[in-house]
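Peer 1: Take this structure, written in structure tokens, and hold onto it; I'll ask about it next.
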Amino acid sequence: PLAITFLVLVWLPIPRHNVRFFLQDTQLSAISEELGEQLSLLLPQSLPLISAVVPCYNYGGMVLTAVKSLQAQTYPYVEIIVVDDGSTDPITLAALDSLRKEEGDSKEKPVWVYRKTNGGLASARNYGASKAKGEYILFLDNDDTLEPLAMVLLFLKLYQSPPEVGFSYPSQWFVGETNLVWNPQEYNHYDLLWANHPTVCALLRRSVMEKWEYSETLQNGPEDWHFWTSLAERGIYGTLVPVPLFKYMRHGETMAHKVRETMQQHYYPFLVSEK
């Protein structure tokens, strides 16, 4: 079996220029090349397509940075689906228009932009998943980014996991107003009842999204936590890749901040009613 060594990080502040797995770009290039060779050995047949879904609503030009990080992935077969959830901000609309000009199958990592009426984050994720062609689906919010090796490591971990493991998730690198790395705990469906330890960015088997969706009832969050607990209830679990592959932008009051204030009011009653 293919063995992969991960660098485990704990919760601690790290200067931004020192992260990148504490490796130089030349070392990252060498690792990327080695992983590419391992992928070809692991899967003699064609590698599966990964569909990256990027919900977008009024965050200015940040969506361009998110898409650029997806196009920079070392995993070779990726399609990028941007879901405009009824944006009204002129800068955001201009950024989306620029992405529409890049649409097409001729690109190595093609970008597709879809517009829908505003329905919230869960609705945009579900809509993007319905347009996906890939065997695997990855969700990335429009103000976040991924490290170049993210899809390779997430795919390898998920591919080698048993069928009941439906998604893989990475450690999280906070950037912006906060600059630190969070290494969440290994997946535990019991602990998931008390704390949302899988990161919001995750790679899922398509079969999972074909059977279950994010709850569009939860407009105030935490739609991802409810989704993970719903999967656990049905015997679908996650697996951690303990490397900070996911850059989560902290700027002002985010949805995560609001969740802390509204969790008891919105989530717990919803969870009880679902049971």
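Letters for chains follow the order of the structure tokens (A, B, ...), residue numbers begin at 1 for each chain, and ligand numbers begin at 1 in the order shown.
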Extract, using only C-alpha atoms, all DNA, RNA and protein residues at most 9 Å from A:Tyr77, discarding same-chain residues fewer than 5 positions from it, and format them as a compact mmCIF listing (two decimals) with N, CA, C and O atoms, in the first residue's frame.

Peer 2:
```txt
# COMPACT_ATOMS: atom_id res chain seq x y z
N LEU A 47 -6.99 9.04 -14.03
CA LEU A 47 -7.37 9.60 -12.74
C LEU A 47 -8.77 10.21 -12.85
O LEU A 47 -9.14 10.75 -13.89
N PRO A 48 -9.55 10.15 -11.77
CA PRO A 48 -10.91 10.71 -11.83
C PRO A 48 -10.89 12.23 -11.84
O PRO A 48 -9.98 12.87 -11.31
N LEU A 49 -11.92 12.80 -12.42
CA LEU A 49 -12.10 14.25 -12.42
C LEU A 49 -12.57 14.71 -11.06
O LEU A 49 -13.42 14.07 -10.43
N ILE A 50 -12.01 15.82 -10.59
CA ILE A 50 -12.48 16.47 -9.37
C ILE A 50 -13.19 17.76 -9.75
O ILE A 50 -12.64 18.59 -10.48
N SER A 51 -14.41 17.92 -9.28
CA SER A 51 -15.17 19.16 -9.52
C SER A 51 -15.04 20.05 -8.30
O SER A 51 -15.44 19.67 -7.20
N GLU A 108 -7.16 23.42 -19.52
CA GLU A 108 -6.71 22.27 -18.74
C GLU A 108 -7.55 22.10 -17.48
O GLU A 108 -7.90 20.99 -17.09
N LYS A 109 -7.88 23.23 -16.84
CA LYS A 109 -8.76 23.22 -15.68
C LYS A 109 -9.88 24.22 -15.97
O LYS A 109 -9.84 25.37 -15.52
```

Peer 1: How many Å separate atom CA of A:Asn183 from atom CA of A:Cys201?

Peer 2: 13.5 Å

Peer 1: Report, in Å to a single decimal, how far apart atom CA of A:Glu213 and atom CA of A:Trp228 are.

Peer 2: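 About the pair atom CA of A:Trp228 and atom CA of A:Glu213: they are 10.4 Å apart.
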
Peer 1: For A:Ile91, which of A:Met62, A:Val78, A:Val111, A:Met151 is the closest residue, counting only C-alpha atoms?

Peer 2: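 With only C-alpha atoms as the atom set, the closest residue is A:Met62.
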
Peer 1: Might you pull out every residue within 7 Å of stretch 153-165 of chain A, with only C-alpha atoms counted and same-chain residues fewer than 2 positions away left off, and present them as a PyMOL selection string?

Peer 2: chain A and resi 149-151+167-169+203+235-239+241

Peer 1: Could you pull out all residues of stretch 18-186 of chain A with a DSSP call of alpha helix (DSSP H) and give them as an MDAnalysis selection string?

Peer 2: chainID A and resid 25:42 62:71 90:100 121:131 150:159

Peer 1: If you count only C-alpha atoms, which residues fall within 8 Å of A:Val63, apart from same-chain ones fewer than 4 positions away, as a PyMOL selection string?

Peer 2: chain A and resi 56+59+67+92+95-96+142-143

Peer 1: Mind checking DSSP for stretch 58-174 of chain A and telling me the strand (DSSP E or B) residues as a ChimeraX atom specification?

Peer 2: /A:78-84,103,111-115,136-139,145-146,165-174

Peer 1: Produce a file of the selected residues containing N, CA and C atoms, as a PDB file, in the first residue's frame.

Peer 2:
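Output below, filename part.pdb:
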```pdb
ATOM      1  N   VAL A  78      -9.192  18.721 -13.145  1.00  0.00           N
ATOM      2  CA  VAL A  78     -10.053  19.545 -12.297  1.00  0.00           C
ATOM      3  C   VAL A  78     -10.970  20.393 -13.171  1.00  0.00           C
ATOM      4  N   GLU A  79     -12.227  20.456 -12.807  1.00  0.00           N
ATOM      5  CA  GLU A  79     -13.121  21.464 -13.373  1.00  0.00           C
ATOM      6  C   GLU A  79     -13.549  22.382 -12.242  1.00  0.00           C
ATOM      7  N   ILE A  80     -13.724  23.661 -12.553  1.00  0.00           N
ATOM      8  CA  ILE A  80     -14.034  24.660 -11.536  1.00  0.00           C
ATOM      9  C   ILE A  80     -15.413  25.231 -11.818  1.00  0.00           C
ATOM     10  N   ILE A  81     -16.307  25.085 -10.856  1.00  0.00           N
ATOM     11  CA  ILE A  81     -17.689  25.543 -10.994  1.00  0.00           C
ATOM     12  C   ILE A  81     -17.917  26.692 -10.025  1.00  0.00           C
ATOM     13  N   VAL A  82     -18.103  27.891 -10.546  1.00  0.00           N
ATOM     14  CA  VAL A  82     -18.377  29.063  -9.724  1.00  0.00           C
ATOM     15  C   VAL A  82     -19.877  29.325  -9.749  1.00  0.00           C
ATOM     16  N   VAL A  83     -20.478  29.386  -8.582  1.00  0.00           N
ATOM     17  CA  VAL A  83     -21.918  29.624  -8.474  1.00  0.00           C
ATOM     18  C   VAL A  83     -22.148  31.034  -7.948  1.00  0.00           C
ATOM     19  N   ASP A  84     -22.631  31.908  -8.821  1.00  0.00           N
ATOM     20  CA  ASP A  84     -22.975  33.269  -8.415  1.00  0.00           C
ATOM     21  C   ASP A  84     -24.358  33.231  -7.770  1.00  0.00           C
ATOM     22  N   GLU A 103     -14.520  30.616 -19.870  1.00  0.00           N
ATOM     23  CA  GLU A 103     -15.261  29.367 -19.881  1.00  0.00           C
ATOM     24  C   GLU A 103     -14.912  28.514 -21.104  1.00  0.00           C
ATOM     25  N   VAL A 111     -13.195  26.564 -16.311  1.00  0.00           N
ATOM     26  CA  VAL A 111     -14.021  27.299 -15.354  1.00  0.00           C
ATOM     27  C   VAL A 111     -15.413  27.457 -15.954  1.00  0.00           C
ATOM     28  N   TRP A 112     -16.413  27.184 -15.123  1.00  0.00           N
ATOM     29  CA  TRP A 112     -17.801  27.377 -15.522  1.00  0.00           C
ATOM     30  C   TRP A 112     -18.467  28.267 -14.488  1.00  0.00           C
ATOM     31  N   VAL A 113     -19.212  29.278 -14.955  1.00  0.00           N
ATOM     32  CA  VAL A 113     -19.881  30.215 -14.058  1.00  0.00           C
ATOM     33  C   VAL A 113     -21.394  30.083 -14.245  1.00  0.00           C
ATOM     34  N   TYR A 114     -22.096  29.852 -13.143  1.00  0.00           N
ATOM     35  CA  TYR A 114     -23.555  29.746 -13.158  1.00  0.00           C
ATOM     36  C   TYR A 114     -24.127  30.815 -12.235  1.00  0.00           C
ATOM     37  N   ARG A 115     -25.225  31.420 -12.666  1.00  0.00           N
ATOM     38  CA  ARG A 115     -25.884  32.420 -11.826  1.00  0.00           C
ATOM     39  C   ARG A 115     -27.253  31.894 -11.406  1.00  0.00           C
ATOM     40  N   TYR A 136     -15.401  13.123  -7.803  1.00  0.00           N
ATOM     41  CA  TYR A 136     -15.182  13.705  -6.484  1.00  0.00           C
ATOM     42  C   TYR A 136     -15.552  15.183  -6.557  1.00  0.00           C
ATOM     43  N   ILE A 137     -16.042  15.732  -5.442  1.00  0.00           N
ATOM     44  CA  ILE A 137     -16.466  17.129  -5.387  1.00  0.00           C
ATOM     45  C   ILE A 137     -15.787  17.810  -4.208  1.00  0.00           C
ATOM     46  N   LEU A 138     -15.195  18.966  -4.472  1.00  0.00           N
ATOM     47  CA  LEU A 138     -14.531  19.752  -3.428  1.00  0.00           C
ATOM     48  C   LEU A 138     -15.229  21.099  -3.314  1.00  0.00           C
ATOM     49  N   PHE A 139     -15.474  21.548  -2.087  1.00  0.00           N
ATOM     50  CA  PHE A 139     -16.100  22.847  -1.859  1.00  0.00           C
ATOM     51  C   PHE A 139     -15.071  23.836  -1.314  1.00  0.00           C
ATOM     52  N   THR A 145      -8.592  29.981  -0.166  1.00  0.00           N
ATOM     53  CA  THR A 145      -7.705  29.420  -1.187  1.00  0.00           C
ATOM     54  C   THR A 145      -7.135  28.089  -0.717  1.00  0.00           C
ATOM     55  N   LEU A 146      -6.529  27.352  -1.656  1.00  0.00           N
ATOM     56  CA  LEU A 146      -5.889  26.076  -1.358  1.00  0.00           C
ATOM     57  C   LEU A 146      -4.418  26.126  -1.723  1.00  0.00           C
ATOM     58  N   VAL A 165     -15.946   5.894   4.497  1.00  0.00           N
ATOM     59  CA  VAL A 165     -15.340   7.227   4.613  1.00  0.00           C
ATOM     60  C   VAL A 165     -15.738   8.018   3.366  1.00  0.00           C
ATOM     61  N   GLY A 166     -16.561   9.024   3.565  1.00  0.00           N
ATOM     62  CA  GLY A 166     -17.115   9.750   2.434  1.00  0.00           C
ATOM     63  C   GLY A 166     -16.432  11.054   2.101  1.00  0.00           C
ATOM     64  N   PHE A 167     -15.548  11.541   3.003  1.00  0.00           N
ATOM     65  CA  PHE A 167     -14.888  12.814   2.716  1.00  0.00           C
ATOM     66  C   PHE A 167     -13.570  12.913   3.474  1.00  0.00           C
ATOM     67  N   SER A 168     -12.661  13.692   2.918  1.00  0.00           N
ATOM     68  CA  SER A 168     -11.385  13.998   3.572  1.00  0.00           C
ATOM     69  C   SER A 168     -11.300  15.509   3.746  1.00  0.00           C
ATOM     70  N   TYR A 169     -10.668  15.928   4.838  1.00  0.00           N
ATOM     71  CA  TYR A 169     -10.574  17.359   5.121  1.00  0.00           C
ATOM     72  C   TYR A 169      -9.180  17.680   5.660  1.00  0.00           C
ATOM     73  N   PRO A 170      -8.650  18.878   5.377  1.00  0.00           N
ATOM     74  CA  PRO A 170      -7.291  19.230   5.791  1.00  0.00           C
ATOM     75  C   PRO A 170      -7.257  20.068   7.054  1.00  0.00           C
ATOM     76  N   SER A 171      -6.051  20.264   7.581  1.00  0.00           N
ATOM     77  CA  SER A 171      -5.863  21.286   8.608  1.00  0.00           C
ATOM     78  C   SER A 171      -6.086  22.653   7.977  1.00  0.00           C
ATOM     79  N   GLN A 172      -6.287  23.637   8.814  1.00  0.00           N
ATOM     80  CA  GLN A 172      -6.716  24.946   8.341  1.00  0.00           C
ATOM     81  C   GLN A 172      -5.707  26.027   8.720  1.00  0.00           C
ATOM     82  N   TRP A 173      -5.393  26.855   7.756  1.00  0.00           N
ATOM     83  CA  TRP A 173      -4.466  27.957   7.945  1.00  0.00           C
ATOM     84  C   TRP A 173      -5.266  29.260   7.915  1.00  0.00           C
ATOM     85  N   PHE A 174      -5.410  29.905   9.068  1.00  0.00           N
ATOM     86  CA  PHE A 174      -6.109  31.182   9.126  1.00  0.00           C
ATOM     87  C   PHE A 174      -5.195  32.291   8.611  1.00  0.00           C
TER      88      PHE A 174
END
```

Peer 1: Between A:Leu240, A:Gly86, A:Asn58, A:Ser230, which is the closest to A:His197 once you count only C-alpha atoms?

Peer 2: A:Leu240

Peer 1: Just how far from atom CA of A:Pro55 is atom CA of A:Gly119, in Å to one decimal?

Peer 2: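 For atom CA of A:Gly119 relative to atom CA of A:Pro55, the distance reads 10.9 Å.
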
Peer 1: Counting only C-alpha atoms, which of A:Leu35, A:Val243, A:Asp224, A:Ser130 gets nearest to A:Thr74?

Peer 2: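 Smallest separation from A:Thr74 among the options: A:Leu35.
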
Peer 1: Excluding A:Lys211 and its own-chain neighbours fewer than 4 positions away, which residues fall within 10 Å of it when counting only C-alpha atoms? Please give them as a ChimeraX atom specification.

Peer 2: /A:206-207,231

Peer 1: Selected residues, N, CA and C atoms, written as a short mmCIF file (atom, residue, chain, number, x, y, z; two decimals), in the first residue's frame, please.

Peer 2:
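Once written, part_0.cif looks like this:
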```cif
data_model
loop_
_atom_site.label_atom_id
_atom_site.label_comp_id
_atom_site.auth_asym_id
_atom_site.auth_seq_id
_atom_site.Cartn_x
_atom_site.Cartn_y
_atom_site.Cartn_z
N ARG A 206 -18.56 11.71 -4.94
CA ARG A 206 -19.78 12.17 -5.61
C ARG A 206 -21.01 11.41 -5.10
N SER A 207 -20.83 10.14 -4.79
CA SER A 207 -21.94 9.31 -4.34
C SER A 207 -22.59 9.88 -3.08
N LEU A 231 -24.43 13.06 7.80
CA LEU A 231 -23.72 11.95 7.17
C LEU A 231 -23.34 10.89 8.20
#
```

Peer 1: Write out as a list in words each polymer residue whose atoms come within 9 Å of A:Asn126, counting only C-alpha atoms; drop sequence neighbours fewer than 4 positions from it.

Peer 2: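 Skipping anything fewer than 4 positions along the chain leaves Leu121, Ala122, Ser130, Lys131, Met209, Glu213, Tyr214, Ser215 and Glu216 of chain A.
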
Peer 1: Can you write just those residues out, N, CA and C atoms, as a compact mmCIF listing (two decimals), in the first residue's frame?

Peer 2:
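And here is the file that came out, selection-v3.txt:
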```txt
# COMPACT_ATOMS: atom_id res chain seq x y z
N LEU A 121 -25.62 30.07 1.29
CA LEU A 121 -24.43 29.27 1.03
C LEU A 121 -24.77 27.81 0.74
N ALA A 122 -25.65 27.22 1.55
CA ALA A 122 -26.01 25.81 1.35
C ALA A 122 -26.64 25.60 -0.01
N SER A 130 -24.87 19.89 -8.24
CA SER A 130 -25.76 19.34 -9.27
C SER A 130 -25.20 19.54 -10.68
N LYS A 131 -24.30 20.50 -10.84
CA LYS A 131 -23.68 20.77 -12.14
C LYS A 131 -22.36 20.02 -12.32
N MET A 209 -22.88 13.19 -2.32
CA MET A 209 -23.71 14.34 -2.70
C MET A 209 -24.92 13.92 -3.52
N GLU A 213 -27.77 16.31 0.72
CA GLU A 213 -27.41 17.69 0.41
C GLU A 213 -27.21 18.49 1.70
N TYR A 214 -26.65 19.70 1.53
CA TYR A 214 -26.61 20.65 2.63
C TYR A 214 -28.04 21.13 2.89
N SER A 215 -28.38 21.31 4.16
CA SER A 215 -29.71 21.78 4.50
C SER A 215 -29.85 23.26 4.17
N GLU A 216 -30.78 23.57 3.28
CA GLU A 216 -31.01 24.96 2.89
C GLU A 216 -31.91 25.69 3.88
```

Peer 1: With only C-alpha atoms as the basis for distance, which of A:Glu210, A:Asp141, A:Glu102, A:Glu177 is at the shortest distance from A:Ser69?

Peer 2: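 Nearest to A:Ser69: A:Asp141.
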